[in-house]
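**Q** Contents of final-v6.cif (mmCIF, C-alpha atoms):
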```cif
data_work
loop_
_atom_site.label_atom_id
_atom_site.label_comp_id
_atom_site.auth_asym_id
_atom_site.auth_seq_id
_atom_site.Cartn_x
_atom_site.Cartn_y
_atom_site.Cartn_z
CA MET A 924 76.23 149.45 -69.82
CA THR A 925 78.20 146.37 -68.82
CA LEU A 926 79.34 144.68 -65.65
CA ASP A 927 82.63 146.46 -66.16
CA ASP A 928 80.93 149.86 -65.75
CA PHE A 929 79.46 148.64 -62.49
CA MET A 930 82.82 147.40 -61.22
CA ARG A 931 84.48 150.71 -62.13
CA ALA A 932 81.79 152.70 -60.32
CA LEU A 933 82.19 150.37 -57.35
CA TRP A 934 85.93 150.92 -57.33
CA GLU A 935 85.51 154.70 -57.31
CA ARG A 936 82.99 154.79 -54.48
CA HIS A 937 84.18 151.96 -52.25
CA GLY A 938 87.56 150.71 -53.44
CA ARG A 939 89.63 153.81 -54.02
CA ALA A 940 87.73 155.65 -51.27
CA GLU A 941 88.10 152.66 -48.89
CA VAL A 942 84.46 152.93 -47.81
CA PRO A 943 83.08 149.61 -46.52
CA TYR A 944 79.95 148.25 -48.21
CA THR A 945 77.22 145.70 -47.64
CA MET A 946 75.18 143.52 -50.03
CA ALA A 947 72.41 146.12 -49.90
CA ASP A 948 74.87 148.82 -51.02
CA LEU A 949 75.88 146.70 -54.02
CA GLU A 950 72.28 146.15 -55.01
CA ARG A 951 71.42 149.85 -54.66
CA MET A 952 74.47 150.87 -56.63
CA LEU A 953 73.73 148.44 -59.44
CA GLY A 954 70.31 150.10 -59.64
CA GLU A 955 71.91 153.54 -59.84
CA VAL A 956 74.48 152.63 -62.47
CA SER A 957 72.02 150.74 -64.66
CA GLY A 958 69.25 153.31 -64.15
CA ASP A 959 66.78 150.63 -63.11
CA ALA A 960 66.27 149.54 -59.49
CA ASP A 961 63.83 146.75 -60.34
CA VAL A 962 66.08 144.43 -62.33
CA PRO A 963 68.93 144.39 -59.76
CA ARG A 964 66.39 143.73 -57.01
CA ARG A 965 65.09 140.63 -58.84
CA PHE A 966 68.62 139.50 -59.70
CA PHE A 967 69.77 139.69 -56.07
CA GLU A 968 66.62 138.03 -54.81
CA ARG A 969 66.82 135.09 -57.23
CA HIS A 970 70.53 134.51 -57.71
CA ILE A 971 72.44 136.03 -54.79
CA HIS A 972 70.17 135.60 -51.79
CA GLY A 973 68.43 132.75 -53.65
CA ARG A 974 69.95 129.78 -55.43
CA GLU A 975 68.28 129.99 -58.82
CA VAL A 976 70.56 129.20 -61.75
CA PRO A 977 70.37 131.92 -64.42
CA ASP A 978 68.92 130.87 -67.77
CA MET A 979 72.25 130.76 -69.59
CA THR A 980 70.70 129.30 -72.75
CA ALA A 981 68.57 132.43 -73.19
CA LEU A 982 71.45 134.76 -72.28
CA PHE A 983 73.92 133.19 -74.74
CA ALA A 984 71.21 133.28 -77.41
CA LEU A 985 71.32 137.11 -77.23
CA ALA A 986 74.78 136.89 -78.80
CA GLY A 987 73.82 134.19 -81.28
CA VAL A 988 75.61 131.54 -79.23
CA ARG A 989 74.00 128.17 -78.61
CA LEU A 990 74.54 126.36 -75.30
CA HIS A 991 74.21 122.64 -75.98
CA PRO A 992 75.54 119.22 -74.92
CA ALA A 993 78.99 118.78 -76.46
CA ASP A 994 78.70 115.05 -77.15
CA PRO A 995 75.23 113.78 -76.15
CA VAL A 996 75.65 110.36 -77.79
CA ARG A 997 78.73 109.53 -75.72
CA PRO A 998 77.66 106.98 -73.08
CA ILE A 999 78.38 107.90 -69.46
CA LEU A 1000 78.00 105.78 -66.33
CA THR A 1001 79.49 108.14 -63.78
CA HIS A 1002 81.50 111.31 -63.29
CA ALA A 1003 82.80 110.09 -59.94
CA ARG A 1004 86.51 109.37 -59.62
CA LEU A 1005 87.23 105.66 -59.97
CA VAL A 1006 90.44 103.98 -58.87
CA ALA A 1007 91.65 100.49 -59.66
CA ALA A 1008 91.42 98.27 -56.59
CA ILE A 1009 91.69 94.58 -55.81
CA GLY A 1010 88.57 92.97 -57.28
CA GLY A 1011 87.25 95.96 -59.19
CA LEU A 1012 86.92 99.74 -59.32
CA ARG A 1013 86.58 101.76 -56.13
CA LEU A 1014 84.61 105.02 -56.09
CA ALA A 1015 87.15 107.46 -54.69
CA GLY A 1016 84.64 110.29 -54.61
CA GLY A 1017 80.92 110.72 -54.16
CA THR A 1018 78.45 110.43 -57.01
CA VAL A 1019 76.49 113.52 -57.99
CA ARG A 1020 72.69 113.57 -58.11
CA GLY A 1021 71.54 112.68 -61.62
CA ASP A 1022 74.67 110.62 -62.27
CA PRO A 1023 73.68 107.07 -63.43
CA LEU A 1024 75.55 105.42 -60.54
CA TYR A 1025 74.01 107.86 -58.03
CA GLU A 1026 70.52 107.00 -59.29
CA ALA A 1027 71.47 103.31 -58.90
CA SER A 1028 72.48 104.04 -55.26
CA VAL A 1029 76.17 103.41 -55.91
CA ASP A 1030 78.29 105.86 -53.93
CA ARG A 1031 81.65 106.74 -52.43
CA ASP A 1032 83.87 103.88 -51.18
CA ASP A 1033 81.78 101.23 -52.98
CA LEU A 1034 83.73 98.58 -54.86
CA VAL A 1035 82.15 97.86 -58.26
CA THR A 1036 83.18 94.39 -59.35
CA ARG A 1037 81.17 93.86 -62.56
CA ILE A 1038 79.14 95.97 -64.94
CA ALA A 1039 76.98 94.40 -67.65
CA GLY A 1040 78.75 91.09 -67.03
CA GLN A 1041 82.19 92.60 -67.59
CA ALA A 1042 84.73 92.28 -64.79
CA MET A 1043 85.97 95.66 -63.53
CA ASP A 1044 89.30 94.36 -62.21
CA VAL A 1045 90.91 94.29 -65.65
CA ALA A 1046 92.47 97.25 -67.42
CA GLY A 1047 89.97 98.91 -69.76
CA GLY A 1048 87.05 96.94 -68.34
CA LEU A 1049 84.77 99.94 -67.96
CA GLU A 1050 85.72 101.29 -71.41
CA ARG A 1051 84.80 97.92 -72.91
CA VAL A 1052 81.30 98.26 -71.45
CA LEU A 1053 80.94 101.88 -72.59
CA ASP A 1054 81.97 100.84 -76.11
CA ARG A 1055 78.94 98.60 -76.50
CA VAL A 1056 76.15 100.50 -74.73
CA ARG A 1057 74.11 103.52 -75.71
CA PRO A 1058 72.40 106.25 -73.69
CA GLY A 1059 69.14 104.87 -72.37
CA ASP A 1060 70.40 101.27 -71.98
CA THR A 1061 70.07 99.67 -68.55
CA VAL A 1062 73.12 97.81 -67.23
CA GLU A 1063 73.57 95.67 -64.15
CA ALA A 1064 76.27 96.71 -61.69
CA VAL A 1065 77.55 94.27 -59.09
CA GLY A 1066 79.42 95.66 -56.13
CA ARG A 1067 80.16 95.76 -52.44
CA SER A 1068 79.31 98.53 -49.97
CA ARG A 1069 80.40 98.40 -46.32
CA GLY A 1070 80.92 94.65 -46.55
CA GLU A 1071 77.57 93.91 -48.20
CA SER A 1072 77.25 92.62 -51.76
CA TYR A 1073 74.63 94.20 -53.97
CA ARG A 1074 73.28 94.31 -57.50
CA ALA A 1075 72.08 97.59 -58.93
CA TRP A 1076 70.68 98.74 -62.25
CA ALA A 1077 72.01 101.89 -63.84
CA ILE A 1078 70.62 103.69 -66.86
CA VAL A 1079 73.40 104.80 -69.20
CA GLN A 1080 73.34 108.54 -69.77
CA GLY A 1081 74.41 110.69 -72.73
CA ASP A 1082 77.31 112.95 -71.73
CA PRO A 1083 75.61 116.04 -70.22
CA THR A 1084 78.70 118.27 -70.51
CA LEU A 1085 77.70 121.56 -72.14
CA THR A 1086 79.57 123.68 -74.63
CA ALA A 1087 78.85 127.05 -76.22
CA THR A 1088 79.08 127.39 -80.01
CA PRO A 1089 78.41 130.34 -82.33
CA LYS A 1090 75.17 129.21 -83.89
CA GLU A 1091 76.28 129.66 -87.50
CA LEU A 1092 78.89 126.92 -86.94
CA LEU A 1093 76.23 124.34 -86.06
CA PRO A 1094 74.53 122.23 -88.74
CA GLY A 1095 71.73 124.27 -90.27
CA GLY A 1096 72.62 127.26 -88.11
CA ARG A 1097 72.39 130.73 -89.59
CA ARG A 1098 74.47 133.78 -88.78
CA PRO A 1099 72.89 135.96 -86.08
CA GLY A 1100 70.86 138.95 -87.26
CA ALA A 1101 72.17 142.50 -87.05
CA ALA A 1102 71.20 142.87 -83.38
CA GLY A 1103 72.78 139.57 -82.37
CA GLN A 1104 75.90 140.33 -84.40
CA ALA A 1105 76.27 143.78 -82.79
CA PHE A 1106 75.68 142.32 -79.33
CA ARG A 1107 78.36 139.68 -79.88
CA GLU A 1108 80.77 142.26 -81.28
CA ARG A 1109 80.42 144.57 -78.27
CA TRP A 1110 80.68 141.64 -75.89
CA LEU A 1111 83.82 140.01 -77.28
CA ARG A 1112 85.87 142.81 -78.80
CA SER A 1113 89.10 143.82 -77.10
CA ARG A 1114 88.99 146.93 -74.92
CA ALA A 1115 92.64 146.72 -73.98
CA GLY A 1116 93.35 150.07 -75.68
CA GLU A 1117 90.77 151.86 -73.55
CA VAL A 1118 92.34 151.10 -70.21
CA SER A 1119 93.25 154.30 -68.39
CA ARG A 1120 96.17 154.29 -66.06
CA MET B 176 77.81 128.52 -45.48
CA SER B 177 80.14 129.37 -42.61
CA ARG B 178 79.25 126.09 -40.88
CA ARG B 179 80.97 124.31 -43.76
CA THR B 180 84.25 126.17 -43.59
CA GLN B 181 86.04 123.38 -41.76
CA PHE B 182 85.22 121.06 -44.66
CA VAL B 183 85.98 123.34 -47.58
CA ASP B 184 88.23 126.19 -46.54
CA ALA B 185 91.55 124.49 -45.92
CA ALA B 186 90.87 123.77 -42.27
CA VAL B 187 91.56 120.26 -41.00
CA SER B 188 88.74 117.73 -41.25
CA ALA B 189 88.89 114.00 -41.88
CA ASP B 190 85.11 113.52 -41.88
CA PRO B 191 83.41 112.31 -45.03
CA THR B 192 80.83 114.74 -46.42
CA ASN B 193 78.26 114.80 -49.20
CA ARG B 194 79.99 117.88 -50.51
CA VAL B 195 79.73 116.99 -54.21
CA ASN B 196 75.96 117.35 -53.86
CA THR B 197 75.72 120.17 -51.34
CA PHE B 198 78.44 122.65 -52.14
CA ILE B 199 79.52 124.90 -54.98
CA THR B 200 82.37 127.34 -54.47
CA TYR B 201 81.80 131.05 -54.84
CA TYR B 202 84.50 131.03 -57.52
CA THR B 203 82.38 128.89 -59.84
CA TRP B 204 79.03 130.36 -58.79
CA GLY B 205 80.38 133.91 -58.83
CA ALA B 206 81.88 133.53 -62.30
CA LEU B 207 78.54 132.30 -63.60
CA LEU B 208 76.63 135.13 -61.91
CA GLY B 209 79.11 137.69 -63.22
CA LEU B 210 78.65 136.44 -66.77
CA ALA B 211 74.86 136.29 -66.37
CA ARG B 212 74.78 139.80 -64.88
CA ASP B 213 76.94 141.16 -67.68
CA LEU B 214 74.83 139.60 -70.44
CA THR B 215 71.65 140.84 -68.75
CA LEU B 216 72.94 144.43 -68.50
CA ARG B 217 73.92 144.67 -72.17
#
```
What's the structure tokens form of this structure?
**A**
Amino acid sequence: MTLDDFMRALWERHGRAEVPYTMADLERMLGEVSGDADVPRRFFERHIHGREVPDMTALFALAGVRLHPADPVRPILTHARLVAAIGGLRLAGGTVRGDPLYEASVDRDDLVTRIAGQAMDVAGGLERVLDRVRPGDTVEAVGRSRGESYRAWAIVQGDPTLTATPKELLPGGRRPGAAGQAFRERWLRSRAGEVSR
Amino acid sequence: MSRRTQFVDAAVSADPTNRVNTFITYYTWGALLGLARDLTLR
């Protein structure tokens, strides 16, 4: 049983037949196709009507795939878009919660003039700072927001970007067991030849 | 979600928003849920 089976069943009952459906119909049908009404009910409650993020680490682990930070030692000060401006770098977009500049109360439209003593109005200024700091370091940011000058302290973060890697490719990682191997095989193999027209 | 359409769905709005912290598109969220649902069913 896969999501594909569900989508095919959905197509037969509602798509091809052109019968309108509601969220409740989808939930009921997922219960029918999977033979278990309880799991779809919880899934809809938590992730569709609710806003809970699924535990992807646990789900990928079923296939022997590890979800992990791609480059956690790479220092990051912000993911916001920065543009060169007169006197420094301007935040062209908003900062996201958890972002070092967000936590330092630096946000959209601010002009950052100096970070860790380094002027931001020279090419490569920010890179020069990032080259000599490490995640966990605190740096001073000097800037202007709506005409007011400020000083803020930001804690350098390790790059939180995640990647998924087959676990046997990671240092010390072993190949998945028979169950994990079979799961991965079924998940990733091509089914192009099975398509009916 | 429909109250945000003028800010995210190609309607015209010049107002600044805190969208980076308050909004995720159903493309991104739906792709994640589809993958999660598929891995859960298997």
**Q** Using the chain letters and numbering of this document, enumerate as a VMD selection string the residues selected by the PyMOL selection byres ((chain A) within 10 of (chain B)).
**A** chain A and resid 924 to 929 953 957 962 to 963 966 970 to 971 974 976 to 979 981 to 983 985 to 986 1003 1016 to 1020 1031 1106 1109 to 1110
**Q** I need the residues from that last selection saved to file as a PDB file, keeping the file's coordinate frame (with C-alpha atoms), if you can.
**A**
```
ATOM      1  CA  MET A 924      76.230 149.450 -69.820  1.00  0.00           C
ATOM      2  CA  THR A 925      78.200 146.370 -68.820  1.00  0.00           C
ATOM      3  CA  LEU A 926      79.340 144.680 -65.650  1.00  0.00           C
ATOM      4  CA  ASP A 927      82.630 146.460 -66.160  1.00  0.00           C
ATOM      5  CA  ASP A 928      80.930 149.860 -65.750  1.00  0.00           C
ATOM      6  CA  PHE A 929      79.460 148.640 -62.490  1.00  0.00           C
ATOM      7  CA  LEU A 953      73.730 148.440 -59.440  1.00  0.00           C
ATOM      8  CA  SER A 957      72.020 150.740 -64.660  1.00  0.00           C
ATOM      9  CA  VAL A 962      66.080 144.430 -62.330  1.00  0.00           C
ATOM     10  CA  PRO A 963      68.930 144.390 -59.760  1.00  0.00           C
ATOM     11  CA  PHE A 966      68.620 139.500 -59.700  1.00  0.00           C
ATOM     12  CA  HIS A 970      70.530 134.510 -57.710  1.00  0.00           C
ATOM     13  CA  ILE A 971      72.440 136.030 -54.790  1.00  0.00           C
ATOM     14  CA  ARG A 974      69.950 129.780 -55.430  1.00  0.00           C
ATOM     15  CA  VAL A 976      70.560 129.200 -61.750  1.00  0.00           C
ATOM     16  CA  PRO A 977      70.370 131.920 -64.420  1.00  0.00           C
ATOM     17  CA  ASP A 978      68.920 130.870 -67.770  1.00  0.00           C
ATOM     18  CA  MET A 979      72.250 130.760 -69.590  1.00  0.00           C
ATOM     19  CA  ALA A 981      68.570 132.430 -73.190  1.00  0.00           C
ATOM     20  CA  LEU A 982      71.450 134.760 -72.280  1.00  0.00           C
ATOM     21  CA  PHE A 983      73.920 133.190 -74.740  1.00  0.00           C
ATOM     22  CA  LEU A 985      71.320 137.110 -77.230  1.00  0.00           C
ATOM     23  CA  ALA A 986      74.780 136.890 -78.800  1.00  0.00           C
ATOM     24  CA  ALA A1003      82.800 110.090 -59.940  1.00  0.00           C
ATOM     25  CA  GLY A1016      84.640 110.290 -54.610  1.00  0.00           C
ATOM     26  CA  GLY A1017      80.920 110.720 -54.160  1.00  0.00           C
ATOM     27  CA  THR A1018      78.450 110.430 -57.010  1.00  0.00           C
ATOM     28  CA  VAL A1019      76.490 113.520 -57.990  1.00  0.00           C
ATOM     29  CA  ARG A1020      72.690 113.570 -58.110  1.00  0.00           C
ATOM     30  CA  ARG A1031      81.650 106.740 -52.430  1.00  0.00           C
ATOM     31  CA  PHE A1106      75.680 142.320 -79.330  1.00  0.00           C
ATOM     32  CA  ARG A1109      80.420 144.570 -78.270  1.00  0.00           C
ATOM     33  CA  TRP A1110      80.680 141.640 -75.890  1.00  0.00           C
TER      34      TRP A1110
END
```
**Q** Report, in Å with one decimal, the straight-line distance from atom CA of Leu990 of chain A to atom CA of Ala1102 of chain A.
**A**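 Atom-to-atom, atom CA of Leu990 of chain A and atom CA of Ala1102 of chain A are spaced 18.7 Å apart.
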**Q** Evaluate the PyMOL selection byres ((chain A and resi 1079-1088) around 10) and record the selected residues as number ranges by chain, following the chain and residue labels used in the document.
**A** A: 980, 983-984, 987-1002, 1021-1024, 1053, 1056-1062, 1076-1078, 1089-1093
**Q** Store the residues picked out above, limited to C-alpha atoms, as a PDB file, keeping the file's coordinate frame.
**A**
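Printed below is part37.pdb as written:
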```
ATOM      1  CA  THR A 980      70.700 129.300 -72.750  1.00  0.00           C
ATOM      2  CA  PHE A 983      73.920 133.190 -74.740  1.00  0.00           C
ATOM      3  CA  ALA A 984      71.210 133.280 -77.410  1.00  0.00           C
ATOM      4  CA  GLY A 987      73.820 134.190 -81.280  1.00  0.00           C
ATOM      5  CA  VAL A 988      75.610 131.540 -79.230  1.00  0.00           C
ATOM      6  CA  ARG A 989      74.000 128.170 -78.610  1.00  0.00           C
ATOM      7  CA  LEU A 990      74.540 126.360 -75.300  1.00  0.00           C
ATOM      8  CA  HIS A 991      74.210 122.640 -75.980  1.00  0.00           C
ATOM      9  CA  PRO A 992      75.540 119.220 -74.920  1.00  0.00           C
ATOM     10  CA  ALA A 993      78.990 118.780 -76.460  1.00  0.00           C
ATOM     11  CA  ASP A 994      78.700 115.050 -77.150  1.00  0.00           C
ATOM     12  CA  PRO A 995      75.230 113.780 -76.150  1.00  0.00           C
ATOM     13  CA  VAL A 996      75.650 110.360 -77.790  1.00  0.00           C
ATOM     14  CA  ARG A 997      78.730 109.530 -75.720  1.00  0.00           C
ATOM     15  CA  PRO A 998      77.660 106.980 -73.080  1.00  0.00           C
ATOM     16  CA  ILE A 999      78.380 107.900 -69.460  1.00  0.00           C
ATOM     17  CA  LEU A1000      78.000 105.780 -66.330  1.00  0.00           C
ATOM     18  CA  THR A1001      79.490 108.140 -63.780  1.00  0.00           C
ATOM     19  CA  HIS A1002      81.500 111.310 -63.290  1.00  0.00           C
ATOM     20  CA  GLY A1021      71.540 112.680 -61.620  1.00  0.00           C
ATOM     21  CA  ASP A1022      74.670 110.620 -62.270  1.00  0.00           C
ATOM     22  CA  PRO A1023      73.680 107.070 -63.430  1.00  0.00           C
ATOM     23  CA  LEU A1024      75.550 105.420 -60.540  1.00  0.00           C
ATOM     24  CA  LEU A1053      80.940 101.880 -72.590  1.00  0.00           C
ATOM     25  CA  VAL A1056      76.150 100.500 -74.730  1.00  0.00           C
ATOM     26  CA  ARG A1057      74.110 103.520 -75.710  1.00  0.00           C
ATOM     27  CA  PRO A1058      72.400 106.250 -73.690  1.00  0.00           C
ATOM     28  CA  GLY A1059      69.140 104.870 -72.370  1.00  0.00           C
ATOM     29  CA  ASP A1060      70.400 101.270 -71.980  1.00  0.00           C
ATOM     30  CA  THR A1061      70.070  99.670 -68.550  1.00  0.00           C
ATOM     31  CA  VAL A1062      73.120  97.810 -67.230  1.00  0.00           C
ATOM     32  CA  TRP A1076      70.680  98.740 -62.250  1.00  0.00           C
ATOM     33  CA  ALA A1077      72.010 101.890 -63.840  1.00  0.00           C
ATOM     34  CA  ILE A1078      70.620 103.690 -66.860  1.00  0.00           C
ATOM     35  CA  PRO A1089      78.410 130.340 -82.330  1.00  0.00           C
ATOM     36  CA  LYS A1090      75.170 129.210 -83.890  1.00  0.00           C
ATOM     37  CA  GLU A1091      76.280 129.660 -87.500  1.00  0.00           C
ATOM     38  CA  LEU A1092      78.890 126.920 -86.940  1.00  0.00           C
ATOM     39  CA  LEU A1093      76.230 124.340 -86.060  1.00  0.00           C
TER      40      LEU A1093
END
```
**Q** So how far away is atom CA of Gly1066 of chain A from atom CA of Phe198 of chain B, in Å?
**A**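 Separating atom CA of Phe198 of chain B from atom CA of Gly1066 of chain A is a distance of 27.3 Å.
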**Q** Using atom CA of Thr200 of chain B and atom CA of Asp184 of chain B as the two end points, give the distance in Å to one decimal.
**A**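 A separation of 9.9 Å between them.
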**Q** Identify all residues satisfying the PyMOL selection byres ((chain A and resi 1013) around 10) in the given file; provide them as a ChimeraX atom specification.
**A** /A:1003-1012,1014-1016,1030-1036,1043-1044,1066-1067
**Q** Could those residues be written to a file, using C-alpha atoms, as an mmCIF file, in the coordinates of the input?
**A**
```cif
data_model
loop_
_atom_site.group_PDB
_atom_site.id
_atom_site.type_symbol
_atom_site.label_atom_id
_atom_site.label_comp_id
_atom_site.auth_asym_id
_atom_site.auth_seq_id
_atom_site.Cartn_x
_atom_site.Cartn_y
_atom_site.Cartn_z
ATOM 1 C CA ALA A 1003 82.800 110.090 -59.940
ATOM 2 C CA ARG A 1004 86.510 109.370 -59.620
ATOM 3 C CA LEU A 1005 87.230 105.660 -59.970
ATOM 4 C CA VAL A 1006 90.440 103.980 -58.870
ATOM 5 C CA ALA A 1007 91.650 100.490 -59.660
ATOM 6 C CA ALA A 1008 91.420 98.270 -56.590
ATOM 7 C CA ILE A 1009 91.690 94.580 -55.810
ATOM 8 C CA GLY A 1010 88.570 92.970 -57.280
ATOM 9 C CA GLY A 1011 87.250 95.960 -59.190
ATOM 10 C CA LEU A 1012 86.920 99.740 -59.320
ATOM 11 C CA LEU A 1014 84.610 105.020 -56.090
ATOM 12 C CA ALA A 1015 87.150 107.460 -54.690
ATOM 13 C CA GLY A 1016 84.640 110.290 -54.610
ATOM 14 C CA ASP A 1030 78.290 105.860 -53.930
ATOM 15 C CA ARG A 1031 81.650 106.740 -52.430
ATOM 16 C CA ASP A 1032 83.870 103.880 -51.180
ATOM 17 C CA ASP A 1033 81.780 101.230 -52.980
ATOM 18 C CA LEU A 1034 83.730 98.580 -54.860
ATOM 19 C CA VAL A 1035 82.150 97.860 -58.260
ATOM 20 C CA THR A 1036 83.180 94.390 -59.350
ATOM 21 C CA MET A 1043 85.970 95.660 -63.530
ATOM 22 C CA ASP A 1044 89.300 94.360 -62.210
ATOM 23 C CA GLY A 1066 79.420 95.660 -56.130
ATOM 24 C CA ARG A 1067 80.160 95.760 -52.440
#
```
**Q** Looking at A:Arg1112, A:Ala1027, A:Arg1051, A:Ala940, which one is nearest to Tyr1073 of chain A, with distances taken over only C-alpha atoms?
**A** A:Ala1027
